[in-house]
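Reproduced below: protein.cif, with mmCIF, C-alpha atoms.
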data_upload
#
loop_
_atom_site.label_atom_id
_atom_site.label_comp_id
_atom_site.auth_asym_id
_atom_site.auth_seq_id
_atom_site.Cartn_x
_atom_site.Cartn_y
_atom_site.Cartn_z
CA ALA A 215 -2.69 -13.91 -7.20
CA LEU A 216 -2.44 -10.11 -7.16
CA ARG A 217 1.35 -10.23 -7.07
CA GLN A 218 1.43 -12.58 -10.08
CA GLU A 219 -0.89 -10.32 -12.06
CA LEU A 220 1.18 -7.24 -11.28
CA GLN A 221 4.41 -9.02 -12.22
CA ARG A 222 3.11 -9.48 -15.75
CA THR A 223 3.51 -5.75 -16.34
CA PHE A 224 5.46 -4.24 -13.44
CA THR A 225 8.61 -4.81 -11.43
CA VAL A 226 7.33 -5.85 -8.01
CA VAL A 227 9.39 -5.22 -4.88
CA GLU A 228 8.14 -6.64 -1.61
CA ALA A 229 8.68 -5.11 1.83
CA CYS A 230 7.92 -6.71 5.19
CA GLY A 231 6.58 -4.02 7.49
CA SER A 232 6.82 -0.26 7.55
CA GLN A 233 10.56 -0.03 8.36
CA ASP A 234 11.47 -2.35 5.48
CA ALA A 235 9.16 -0.38 3.18
CA ALA A 236 10.90 2.88 4.10
CA THR A 237 14.30 1.34 3.30
CA VAL A 238 13.11 -0.08 -0.03
CA MET A 239 11.45 3.19 -1.07
CA ALA A 240 14.49 5.28 -0.13
CA ALA A 241 16.63 3.19 -2.48
CA THR A 242 14.25 3.39 -5.43
CA PRO A 243 10.96 5.28 -5.08
CA PRO A 244 8.26 3.16 -6.74
CA ASP A 245 5.87 4.32 -9.45
CA ALA A 246 2.98 3.05 -7.31
CA ILE A 247 2.43 1.31 -3.98
CA VAL A 248 0.05 -1.55 -3.21
CA MET A 249 0.02 -2.18 0.52
CA ALA A 250 -1.97 -3.72 3.32
CA LEU A 251 -3.17 -1.41 6.06
CA GLU A 252 -2.22 -4.03 8.62
CA LEU A 253 1.59 -3.76 8.91
CA ASP A 254 4.32 -4.66 11.37
CA GLY A 255 5.56 -1.44 12.94
CA GLU A 256 3.51 1.67 12.31
CA SER A 257 0.02 1.33 10.88
CA GLY A 258 -0.60 1.55 7.18
CA VAL A 259 -2.48 4.81 7.73
CA GLU A 260 0.55 6.27 9.54
CA LEU A 261 2.83 5.14 6.71
CA ILE A 262 0.56 6.73 4.10
CA CYS A 263 0.59 10.01 6.06
CA ARG A 264 4.38 9.94 6.31
CA LEU A 265 4.80 9.16 2.61
CA ARG A 266 2.51 12.02 1.58
CA GLN A 267 4.17 14.46 4.04
CA ASN A 268 7.54 13.52 2.52
CA GLY A 269 6.31 14.37 -0.98
CA TYR A 270 5.47 10.94 -2.40
CA ASN A 271 2.79 11.76 -4.98
CA GLN A 272 2.40 8.48 -6.88
CA PRO A 273 -0.66 6.23 -6.45
CA ILE A 274 -1.09 4.35 -3.17
CA LEU A 275 -3.54 1.45 -3.24
CA THR A 276 -4.38 -0.32 0.00
CA THR A 277 -6.01 -3.56 1.07
CA CYS A 278 -7.82 -3.92 4.36
CA ARG A 279 -9.22 -6.92 6.25
CA ALA A 280 -11.63 -4.82 8.32
CA ARG A 281 -15.31 -5.21 7.57
CA THR A 282 -16.11 -1.62 8.56
CA ASN A 283 -15.68 1.49 6.48
CA ALA A 284 -13.70 3.30 9.21
CA ASP A 285 -10.33 1.91 8.07
CA HIS A 286 -11.14 2.62 4.43
CA VAL A 287 -12.10 6.20 5.27
CA ALA A 288 -8.96 6.68 7.40
CA ALA A 289 -6.74 5.39 4.57
CA LEU A 290 -8.37 7.68 2.03
CA ALA A 291 -8.16 10.65 4.40
CA ALA A 292 -4.45 9.91 4.92
CA GLY A 293 -3.85 10.08 1.17
CA ALA A 294 -4.50 6.62 -0.26
CA ASP A 295 -5.93 6.68 -3.75
CA HIS A 296 -8.10 3.59 -3.29
CA CYS A 297 -8.81 1.02 -0.60
CA PHE A 298 -9.84 -2.55 -1.48
CA GLY A 299 -11.43 -5.00 0.93
CA GLN A 300 -9.86 -8.41 1.48
CA PRO A 301 -9.89 -11.00 0.24
CA LEU A 302 -9.33 -9.75 -3.28
CA ASP A 303 -11.27 -11.87 -5.70
CA GLY A 304 -9.81 -12.30 -9.11
#

Go ahead and render the structure in this file as structure tokens.
Amino acid sequence: ALRQELQRTFTVVEACGSQDAATVMAATPPDAIVMALELDGESGVELICRLRQNGYNQPILTTCRARTNADHVAALAAGADHCFGQPLDG
């Protein structure tokens, strides 16, 4: 549902895991990132840290299945702009 809503206005490019995301972003840096914190490869928090350290300064929005605030806080501390809980209701 989120993907369909975003596609109404934006070009959406999907990546499967952190390595794929790095390849996709190297080809064409996106204007914003919407990502799950639970990724194949490195964690979403690690990916956010790496993106920010490499100078990516566009918005990063994350989704997280965890029911605790620890993952949300870690994502925000790493440089995410907002962290949404899952499932996303729309």

Can you pull out the residues contacting region 253-267 of chain A? Cut-off 10 Å, using all atoms listed in the file, and skip same-chain residues under 2 positions away; I want them as a ChimeraX atom specification. /A:230-236,239,247,249-251,269-272,274-278,285-286,288-294

Computed interatomic separation between CA of Thr237 (chain A) and CA of Glu252 (chain A) (Å): 18.2 Å

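Relative to CA of Pro273 (chain A), CA of His296 (chain A) is found at 8.5 Å.
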
Just how far from CA of Gln221 (chain A) is CA of Ala240 (chain A), in Å to one decimal? 21.3 Å

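Evaluated against the shown file, the PyMOL selection byres ((chain A and resi 217) around 10) gives A:Ala215, A:Leu216, A:Gln218, A:Glu219, A:Leu220, A:Gln221, A:Arg222, A:Phe224, A:Val226, A:Val227, A:Glu228, A:Val248.
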
May I have the centre and edge lengths, in Å to one decimal, of an axis-aligned box around the listed atoms of region 249-268 of chain A with 4 Å added to every side, as JSON?
{"center_x": 2.2, "center_y": 4.9, "center_z": 6.7, "size_x": 18.7, "size_y": 27.1, "size_z": 20.4}
